[in-house]
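Data block for my_file14.pdb (PDB, C-alpha atoms):
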ATOM      1  CA  MET A 283       0.000   0.000   0.000
ATOM      2  CA  PRO A 284       1.523   3.355  -1.062
ATOM      3  CA  VAL A 285       2.089   6.048   1.564
ATOM      4  CA  PRO A 286       0.376   9.359   0.773
ATOM      5  CA  ALA A 287       2.757  12.277   0.163
ATOM      6  CA  ARG A 288       3.042  14.793   2.982
ATOM      7  CA  ARG A 289       2.718  18.446   2.188
ATOM      8  CA  LEU A 290       5.252  20.827   3.673
ATOM      9  CA  PRO A 291       3.762  23.693   5.650
ATOM     10  CA  SER A 292       3.896  27.107   3.946
ATOM     11  CA  TRP A 293       6.236  28.519   6.603
ATOM     12  CA  VAL A 294       8.887  26.014   5.499
ATOM     13  CA  TRP A 295       8.667  27.278   1.921
ATOM     14  CA  VAL A 296       8.748  30.925   3.001
ATOM     15  CA  THR A 297      11.723  30.304   5.295
ATOM     16  CA  GLY A 298      13.616  28.479   2.549
ATOM     17  CA  LEU A 299      12.956  31.170  -0.044
ATOM     18  CA  THR A 300      13.907  33.947   2.403
ATOM     19  CA  ALA A 301      17.167  32.193   3.323
ATOM     20  CA  GLY A 302      17.977  31.770  -0.372
ATOM     21  CA  ALA A 303      17.279  35.435  -1.089
ATOM     22  CA  VAL A 304      19.440  36.579   1.839
ATOM     23  CA  ALA A 305      22.284  34.330   0.664
ATOM     24  CA  ALA A 306      22.023  35.769  -2.865
ATOM     25  CA  VAL A 307      22.132  39.355  -1.549
ATOM     26  CA  VAL A 308      25.184  38.552   0.595
ATOM     27  CA  VAL A 309      27.018  37.007  -2.365
ATOM     28  CA  LEU A 310      26.155  39.954  -4.622
ATOM     29  CA  GLY A 311      27.222  42.407  -1.919
ATOM     30  CA  MET A 312      30.578  40.687  -1.525
ATOM     31  CA  ARG A 313      31.119  40.728  -5.292
ATOM     32  CA  ALA A 314      30.181  44.414  -5.488
ATOM     33  CA  ASP A 315      32.633  45.206  -2.702
ATOM     34  CA  GLN A 316      35.451  43.739  -4.812
ATOM     35  CA  GLY A 317      34.667  45.976  -7.800
ATOM     36  CA  PRO A 318      35.751  49.568  -8.484
ATOM     37  CA  HIS A 319      34.626  52.214  -6.012
ATOM     38  CA  PRO A 320      33.701  55.796  -6.944
ATOM     39  CA  THR A 321      35.688  58.550  -5.300
ATOM     40  CA  ALA A 322      34.391  61.967  -4.329
ATOM     41  CA  THR A 323      36.055  65.056  -5.741
ATOM     42  CA  ALA A 324      35.937  68.578  -4.424
ATOM     43  CA  ALA A 325      33.677  70.891  -6.342
ATOM     44  CA  ARG A 326      33.847  74.597  -7.087
ATOM     45  CA  PRO A 327      30.604  76.372  -7.919
ATOM     46  CA  SER A 328      30.480  78.777 -10.819
ATOM     47  CA  ALA A 329      28.574  82.023 -11.048
ATOM     48  CA  SER A 330      26.687  80.679 -14.064
ATOM     49  CA  ALA A 331      25.407  77.539 -12.354
ATOM     50  CA  SER A 332      22.091  76.277 -13.618
ATOM     51  CA  ALA A 333      19.414  74.095 -12.079
ATOM     52  CA  SER A 334      20.833  71.023 -13.782
ATOM     53  CA  ALA A 335      24.490  71.985 -13.540
ATOM     54  CA  GLN A 336      26.755  69.858 -11.412
ATOM     55  CA  PRO A 337      29.834  71.175  -9.640
ATOM     56  CA  THR A 338      33.039  70.982 -11.639
ATOM     57  CA  PRO A 339      35.933  69.139 -10.009
ATOM     58  CA  THR A 340      38.877  71.193  -8.843
ATOM     59  CA  LYS A 341      42.452  70.196  -9.618
ATOM     60  CA  SER A 342      43.804  71.247  -6.210
ATOM     61  CA  ALA A 343      45.685  68.474  -4.392
ATOM     62  CA  ALA A 344      45.439  70.096  -0.957
ATOM     63  CA  PRO A 345      42.191  71.307   0.573
ATOM     64  CA  ALA A 346      41.832  75.017   1.169
ATOM     65  CA  ALA A 347      43.151  76.157   4.556
ATOM     66  CA  VAL A 348      40.765  77.437   7.204
ATOM     67  CA  PRO A 349      40.795  81.259   6.957
ATOM     68  CA  ASP A 350      42.825  83.203   9.496
ATOM     69  CA  GLY A 351      40.782  85.088  12.071
ATOM     70  CA  SER A 352      37.967  82.533  12.050
ATOM     71  CA  GLY A 353      38.135  81.804  15.752
ATOM     72  CA  THR A 354      39.030  78.656  17.641
ATOM     73  CA  GLY A 355      37.276  75.506  18.770
ATOM     74  CA  ARG A 356      34.517  73.487  17.148
ATOM     75  CA  ARG A 357      32.779  75.626  14.549
ATOM     76  CA  VAL A 358      31.498  76.058  11.001
ATOM     77  CA  VAL A 359      33.483  78.658   9.047
ATOM     78  CA  TYR A 360      31.932  80.323   5.990
ATOM     79  CA  SER A 361      34.120  82.451   3.704
ATOM     80  CA  LEU A 362      32.117  84.900   1.593
ATOM     81  CA  GLY A 363      35.020  85.513  -0.808
ATOM     82  CA  GLN A 364      35.997  81.874  -1.288
ATOM     83  CA  LYS A 365      32.378  80.630  -1.374
ATOM     84  CA  ARG A 366      33.489  77.811   0.909
ATOM     85  CA  VAL A 367      32.572  76.277   4.261
ATOM     86  CA  TRP A 368      34.852  74.415   6.690
ATOM     87  CA  LEU A 369      33.786  72.010   9.412
ATOM     88  CA  VAL A 370      36.363  72.556  12.154
ATOM     89  CA  ASP A 371      36.614  70.223  15.159
ATOM     90  CA  ALA A 372      37.469  71.125  18.768
ATOM     91  CA  SER A 373      41.211  70.711  18.099
ATOM     92  CA  ASP A 374      40.985  73.356  15.315
ATOM     93  CA  ALA A 375      41.498  70.751  12.569
ATOM     94  CA  ALA A 376      39.368  71.115   9.432
ATOM     95  CA  ARG A 377      37.410  67.883   9.048
ATOM     96  CA  ARG A 378      35.827  68.843   5.728
ATOM     97  CA  THR A 379      35.764  71.751   3.330
ATOM     98  CA  ILE A 380      32.748  72.400   1.138
ATOM     99  CA  ALA A 381      32.285  74.536  -1.975
ATOM    100  CA  VAL A 382      28.953  76.402  -1.771
ATOM    101  CA  TRP A 383      26.586  78.432  -3.933
ATOM    102  CA  PRO A 384      25.528  81.535  -1.959
ATOM    103  CA  GLY A 385      22.187  83.255  -2.416
ATOM    104  CA  THR A 386      21.835  86.889  -3.460
ATOM    105  CA  VAL A 387      21.689  88.062   0.180
ATOM    106  CA  SER A 388      24.829  87.242   2.179
ATOM    107  CA  PRO A 389      25.326  87.376   5.950
ATOM    108  CA  ASP A 390      27.579  90.048   7.403
ATOM    109  CA  PRO A 391      30.960  88.861   8.712
ATOM    110  CA  GLY A 392      30.649  87.879  12.363
ATOM    111  CA  THR A 393      29.984  85.056  14.791
ATOM    112  CA  TYR A 394      26.582  83.370  14.958
ATOM    113  CA  THR A 395      25.085  80.104  16.190
ATOM    114  CA  ILE A 396      22.828  77.619  14.460
ATOM    115  CA  SER A 397      19.471  78.586  15.936
ATOM    116  CA  GLN A 398      17.111  76.236  14.138
ATOM    117  CA  ARG A 399      17.273  73.084  12.019
ATOM    118  CA  THR A 400      14.567  71.994   9.583
ATOM    119  CA  ASP A 401      14.570  68.625   7.803
ATOM    120  CA  ALA A 402      13.028  69.786   4.511
ATOM    121  CA  THR A 403      11.024  72.559   2.844
ATOM    122  CA  THR A 404      10.788  74.491  -0.417
ATOM    123  CA  GLY A 405      13.360  77.244  -1.006
ATOM    124  CA  THR A 406      12.397  80.749  -2.127
ATOM    125  CA  ASP A 407      13.528  79.689  -5.612
ATOM    126  CA  GLY A 408      10.932  76.878  -5.648
ATOM    127  CA  VAL A 409      13.506  74.071  -5.259
ATOM    128  CA  GLN A 410      12.882  71.285  -2.728
ATOM    129  CA  ILE A 411      15.658  71.582  -0.122
ATOM    130  CA  GLU A 412      16.726  69.626   2.943
ATOM    131  CA  HIS A 413      19.097  69.879   5.915
ATOM    132  CA  ILE A 414      18.297  73.549   6.507
ATOM    133  CA  MET A 415      20.319  75.140   9.319
ATOM    134  CA  TYR A 416      19.413  78.752  10.104
ATOM    135  CA  PHE A 417      21.988  80.999  11.743
ATOM    136  CA  THR A 418      21.061  84.659  11.060
ATOM    137  CA  ALA A 419      18.760  86.995   9.115
ATOM    138  CA  LYS A 420      19.316  89.961   6.828
ATOM    139  CA  SER A 421      17.031  92.126   4.673
ATOM    140  CA  GLY A 422      14.025  90.297   6.094
ATOM    141  CA  LEU A 423      15.324  86.894   4.980
ATOM    142  CA  SER A 424      16.547  84.005   7.132
ATOM    143  CA  ILE A 425      20.031  82.898   6.137
ATOM    144  CA  ALA A 426      20.709  79.173   6.256
ATOM    145  CA  PHE A 427      22.828  76.361   4.892
ATOM    146  CA  SER A 428      20.966  73.724   2.838
ATOM    147  CA  ASN A 429      21.169  71.366  -0.093
ATOM    148  CA  ALA A 430      18.725  70.617  -2.909
ATOM    149  CA  VAL A 431      16.964  67.273  -2.449
ATOM    150  CA  ASP A 432      17.878  66.317  -6.032
ATOM    151  CA  GLY A 433      21.499  67.438  -5.544
ATOM    152  CA  SER A 434      21.326  70.208  -8.158
ATOM    153  CA  SER A 435      22.929  73.608  -7.859
ATOM    154  CA  PRO A 436      20.625  76.619  -7.658
ATOM    155  CA  PRO A 437      19.769  78.494 -10.831
ATOM    156  CA  PRO A 438      21.006  82.071 -11.173
ATOM    157  CA  ALA A 439      18.762  84.503  -9.361
ATOM    158  CA  SER A 440      16.423  86.411 -11.633
ATOM    159  CA  GLY A 441      15.180  89.319  -9.569
ATOM    160  CA  ILE A 442      14.409  87.114  -6.542
ATOM    161  CA  GLN A 443      16.252  87.656  -3.293
ATOM    162  CA  THR A 444      17.535  84.339  -1.958
ATOM    163  CA  SER A 445      19.412  83.750   1.267
ATOM    164  CA  GLY A 446      20.177  80.033   1.148
ATOM    165  CA  ILE A 447      23.780  78.902   1.072
ATOM    166  CA  ARG A 448      23.537  75.715  -0.982
ATOM    167  CA  MET A 449      25.911  72.814  -1.309
ATOM    168  CA  GLY A 450      25.964  69.341  -2.841
ATOM    169  CA  LYS A 451      23.889  66.573  -1.287
ATOM    170  CA  ALA A 452      26.769  64.662   0.363
ATOM    171  CA  ASP A 453      28.155  67.916   1.778
ATOM    172  CA  GLY A 454      24.688  68.850   3.050
ATOM    173  CA  ASN A 455      24.514  65.502   4.860
ATOM    174  CA  ALA A 456      27.945  66.079   6.421
ATOM    175  CA  LEU A 457      27.081  69.606   7.580
ATOM    176  CA  TRP A 458      23.725  68.404   8.959
ATOM    177  CA  THR A 459      25.538  65.778  11.037
ATOM    178  CA  PHE A 460      28.182  68.259  12.230
ATOM    179  CA  GLY A 461      26.045  71.363  12.844
ATOM    180  CA  GLU A 462      23.780  70.793  15.780
ATOM    181  CA  THR A 463      21.617  73.574  17.221
ATOM    182  CA  GLY A 464      23.987  75.898  19.096
ATOM    183  CA  THR A 465      27.023  75.166  16.899
ATOM    184  CA  THR A 466      29.093  78.300  16.256
ATOM    185  CA  VAL A 467      29.115  79.697  12.706
ATOM    186  CA  VAL A 468      31.871  82.177  11.850
ATOM    187  CA  VAL A 469      31.410  84.233   8.680
ATOM    188  CA  VAL A 470      34.558  85.821   7.276
ATOM    189  CA  LYS A 471      35.244  87.953   4.196
TER     190      LYS A 471
END
Just give me the structure as C-alpha cells.
Amino acid sequence: MPVPARRLPSWVWVTGLTAGAVAAVVVLGMRADQGPHPTATAARPSASASASAQPTPTKSAAPAAVPDGSGTGRRVVYSLGQKRVWLVDASDAARRTIAVWPGTVSPDPGTYTISQRTDATTGTDGVQIEHIMYFTAKSGLSIAFSNAVDGSSPPPASGIQTSGIRMGKADGNALWTFGETGTTVVVVK
C-alpha cells in the first residue's frame, strides 16, 4: 500500500525562499565590494550655475586652509570671498571643506550660532531643499545652509532675493551631522 505524500507547511517554503534570497544578496554584496569604487572630488561652484548643472571638479591636491581670524574651537566657518565652508573640530582641525553656492543676500561677517534646524522645505527659488540650518537673518530673509533634495545647484537669481547657502547633497549631509543647534558659525570675508 503506497504512503500518501506529505505536504510541507507554507512557513517552510517561506523560510527556505527567504534564506535563499538573503544568501544571494550577501554574495552579490561581496562581489560588489570587490569591484571599483567611486571617489568623491571637491567641487567649485560657478557664477553661471544652472538648475541642472553639477559642480566641476577642482584640480587642487590640498584642501583650502581654514581662513585666518575665524576663531578657535569646534565651529562652522563660511568664507564669503571663497564661497566655501569648513567644518572645524574642537582641536581646530578642518574635518571637511565644502564649496557652496551663496544666495543673493549674504550674511555680514561675524559670529553666529545655528538657531534652528529643519529637515526639509521648499526654497524661495521653488527648489525642494533639505538639511536647513538657520543661523542669522538679513534684509528680512533668514540665512541658512541647505542642499537641494535632487542634488542640483541653484539656478542664477532672476530678480528674486535668496538667502540660502547651498551645497551638494553629500556635503549637506555632512554639515547636517556636524552642525547641531547651538554650533558656532563664523562668517569671514
Near-Ala430 (chain A) list (9 Å; all atoms listed in the file; drop same-chain fewer than 4 positions) as an mmCIF file with C-alpha atoms, keeping the file's coordinate frame:
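So around_22.cif came out as:
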data_model
loop_
_atom_site.group_PDB
_atom_site.id
_atom_site.type_symbol
_atom_site.label_atom_id
_atom_site.label_comp_id
_atom_site.auth_asym_id
_atom_site.auth_seq_id
_atom_site.Cartn_x
_atom_site.Cartn_y
_atom_site.Cartn_z
ATOM 1 C CA GLY A 405 13.360 77.244 -1.006
ATOM 2 C CA VAL A 409 13.506 74.071 -5.259
ATOM 3 C CA GLN A 410 12.882 71.285 -2.728
ATOM 4 C CA ILE A 411 15.658 71.582 -0.122
ATOM 5 C CA GLU A 412 16.726 69.626 2.943
ATOM 6 C CA HIS A 413 19.097 69.879 5.915
ATOM 7 C CA SER A 434 21.326 70.208 -8.158
ATOM 8 C CA SER A 435 22.929 73.608 -7.859
ATOM 9 C CA PRO A 436 20.625 76.619 -7.658
ATOM 10 C CA ARG A 448 23.537 75.715 -0.982
ATOM 11 C CA MET A 449 25.911 72.814 -1.309
ATOM 12 C CA GLY A 450 25.964 69.341 -2.841
ATOM 13 C CA LYS A 451 23.889 66.573 -1.287
ATOM 14 C CA GLY A 454 24.688 68.850 3.050
#
For this session: For region 426-429 of chain A, please output as an MDAnalysis selection string all residues within 12 Å (counting all atoms listed in the file; exclusion window: fewer than 5 positions along the same chain).
Result: chainID A and resid 358:360 366:367 380:385 387:389 394:406 409:420 434:436 444:458 461 467
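Listed by chain and then by number, the residues chosen by the PyMOL selection byres ((chain A and resi 362) around 8) in this file are Tyr360, Ser361, Gly363, Gln364, Lys365, Arg366, Ser388, Val469, Val470 and Lys471 of chain A.
Of note, CA of Thr466 (chain A) and CA of Ala372 (chain A) are spaced 11.3 Å apart.
We find CA of Val370 (chain A) and CA of Ser421 (chain A) to be spaced 28.5 Å apart.
One finds CA of Gly422 (chain A) at 12.8 Å from CA of Thr386 (chain A).
The shortest atom-to-atom distance to Gly464 (chain A), with only C-alpha atoms taken into account, belongs to A:Thr393 out of A:Ser440, A:Ala347, A:Gly302, A:Thr393.
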Please write region 348-395 of chain A of the preceding block to a file containing N, CA and C atoms, as a compact mmCIF listing (two decimals), in the first residue's frame?
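Dumped everything to out.txt:
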# COMPACT_ATOMS: atom_id res chain seq x y z
N VAL A 348 41.76 76.67 6.45
CA VAL A 348 40.77 77.44 7.20
C VAL A 348 41.23 78.89 7.27
N PRO A 349 40.38 79.86 6.96
CA PRO A 349 40.79 81.26 6.96
C PRO A 349 41.30 81.73 8.32
N ASP A 350 42.33 82.58 8.27
CA ASP A 350 42.82 83.20 9.50
C ASP A 350 41.72 84.07 10.09
N GLY A 351 41.74 84.22 11.40
CA GLY A 351 40.78 85.09 12.07
C GLY A 351 39.39 84.49 12.14
N SER A 352 39.29 83.16 12.01
CA SER A 352 37.97 82.53 12.05
C SER A 352 37.65 81.93 13.40
N GLY A 353 38.42 82.29 14.41
CA GLY A 353 38.14 81.80 15.75
C GLY A 353 38.85 80.52 16.08
N THR A 354 38.44 79.92 17.19
CA THR A 354 39.03 78.66 17.64
C THR A 354 37.91 77.75 18.12
N GLY A 355 38.24 76.48 18.27
CA GLY A 355 37.28 75.51 18.77
C GLY A 355 36.37 74.96 17.67
N ARG A 356 35.43 74.14 18.08
CA ARG A 356 34.52 73.49 17.15
C ARG A 356 33.59 74.54 16.54
N ARG A 357 33.55 74.59 15.20
CA ARG A 357 32.78 75.63 14.55
C ARG A 357 32.60 75.32 13.06
N VAL A 358 31.68 76.04 12.45
CA VAL A 358 31.50 76.06 11.00
C VAL A 358 32.03 77.41 10.55
N VAL A 359 32.92 77.41 9.56
CA VAL A 359 33.48 78.66 9.05
C VAL A 359 32.97 78.83 7.62
N TYR A 360 32.44 80.01 7.33
CA TYR A 360 31.93 80.32 5.99
C TYR A 360 32.67 81.53 5.45
N SER A 361 33.40 81.36 4.35
CA SER A 361 34.12 82.45 3.70
C SER A 361 33.28 82.99 2.55
N LEU A 362 32.89 84.26 2.65
CA LEU A 362 32.12 84.90 1.59
C LEU A 362 32.91 84.97 0.29
N GLY A 363 34.19 85.35 0.39
CA GLY A 363 35.02 85.51 -0.81
C GLY A 363 35.37 84.20 -1.50
N GLN A 364 35.62 83.16 -0.71
CA GLN A 364 36.00 81.87 -1.29
C GLN A 364 34.79 81.00 -1.62
N LYS A 365 33.60 81.42 -1.18
CA LYS A 365 32.38 80.63 -1.37
C LYS A 365 32.63 79.20 -0.91
N ARG A 366 33.06 79.09 0.36
CA ARG A 366 33.49 77.81 0.91
C ARG A 366 33.16 77.74 2.39
N VAL A 367 32.87 76.54 2.86
CA VAL A 367 32.57 76.28 4.26
C VAL A 367 33.57 75.24 4.78
N TRP A 368 33.99 75.39 6.02
CA TRP A 368 34.85 74.42 6.69
C TRP A 368 34.14 73.90 7.92
N LEU A 369 34.25 72.61 8.17
CA LEU A 369 33.79 72.01 9.41
C LEU A 369 35.04 71.79 10.26
N VAL A 370 35.15 72.55 11.34
CA VAL A 370 36.36 72.56 12.15
C VAL A 370 36.05 71.90 13.49
N ASP A 371 36.87 70.92 13.90
CA ASP A 371 36.61 70.22 15.16
C ASP A 371 37.20 70.99 16.34
N ALA A 372 37.04 70.45 17.54
CA ALA A 372 37.47 71.12 18.77
C ALA A 372 38.97 71.34 18.83
N SER A 373 39.76 70.54 18.10
CA SER A 373 41.21 70.71 18.10
C SER A 373 41.67 71.67 17.00
N ASP A 374 40.72 72.39 16.39
CA ASP A 374 40.99 73.36 15.32
C ASP A 374 41.45 72.71 14.01
N ALA A 375 41.17 71.43 13.83
CA ALA A 375 41.50 70.75 12.57
C ALA A 375 40.26 70.77 11.67
N ALA A 376 40.47 71.12 10.40
CA ALA A 376 39.37 71.12 9.43
C ALA A 376 39.05 69.67 9.07
N ARG A 377 37.83 69.25 9.35
CA ARG A 377 37.41 67.88 9.05
C ARG A 377 36.85 67.75 7.64
N ARG A 378 36.38 68.86 7.09
CA ARG A 378 35.83 68.84 5.73
C ARG A 378 35.76 70.27 5.23
N THR A 379 35.97 70.46 3.96
CA THR A 379 35.76 71.75 3.33
C THR A 379 34.77 71.56 2.19
N ILE A 380 33.89 72.53 2.03
CA ILE A 380 32.75 72.40 1.14
C ILE A 380 32.63 73.64 0.25
N ALA A 381 32.58 73.43 -1.06
CA ALA A 381 32.28 74.54 -1.98
C ALA A 381 30.78 74.79 -1.93
N VAL A 382 30.38 76.06 -1.90
CA VAL A 382 28.95 76.40 -1.77
C VAL A 382 28.52 77.39 -2.85
N TRP A 383 27.21 77.47 -3.03
CA TRP A 383 26.59 78.43 -3.93
C TRP A 383 25.77 79.38 -3.07
N PRO A 384 26.27 80.61 -2.82
CA PRO A 384 25.53 81.54 -1.96
C PRO A 384 24.32 82.12 -2.67
N GLY A 385 23.35 82.55 -1.88
CA GLY A 385 22.19 83.25 -2.42
C GLY A 385 22.56 84.69 -2.76
N THR A 386 21.57 85.50 -3.10
CA THR A 386 21.83 86.89 -3.46
C THR A 386 22.00 87.78 -2.23
N VAL A 387 21.53 87.32 -1.07
CA VAL A 387 21.69 88.06 0.18
C VAL A 387 22.67 87.28 1.05
N SER A 388 23.79 87.91 1.40
CA SER A 388 24.83 87.24 2.18
C SER A 388 24.83 87.76 3.61
N PRO A 389 25.22 86.91 4.56
CA PRO A 389 25.33 87.38 5.95
C PRO A 389 26.51 88.32 6.09
N ASP A 390 26.45 89.18 7.10
CA ASP A 390 27.58 90.05 7.40
C ASP A 390 28.65 89.21 8.12
N PRO A 391 29.93 89.56 7.95
CA PRO A 391 30.96 88.86 8.71
C PRO A 391 30.67 88.97 10.20
N GLY A 392 30.91 87.89 10.93
CA GLY A 392 30.65 87.88 12.36
C GLY A 392 30.50 86.45 12.87
N THR A 393 30.15 86.35 14.14
CA THR A 393 29.98 85.06 14.79
C THR A 393 28.52 84.86 15.13
N TYR A 394 27.99 83.71 14.76
CA TYR A 394 26.58 83.37 14.96
C TYR A 394 26.50 81.96 15.55
N THR A 395 25.30 81.50 15.81
CA THR A 395 25.08 80.10 16.19
C THR A 395 23.91 79.56 15.39
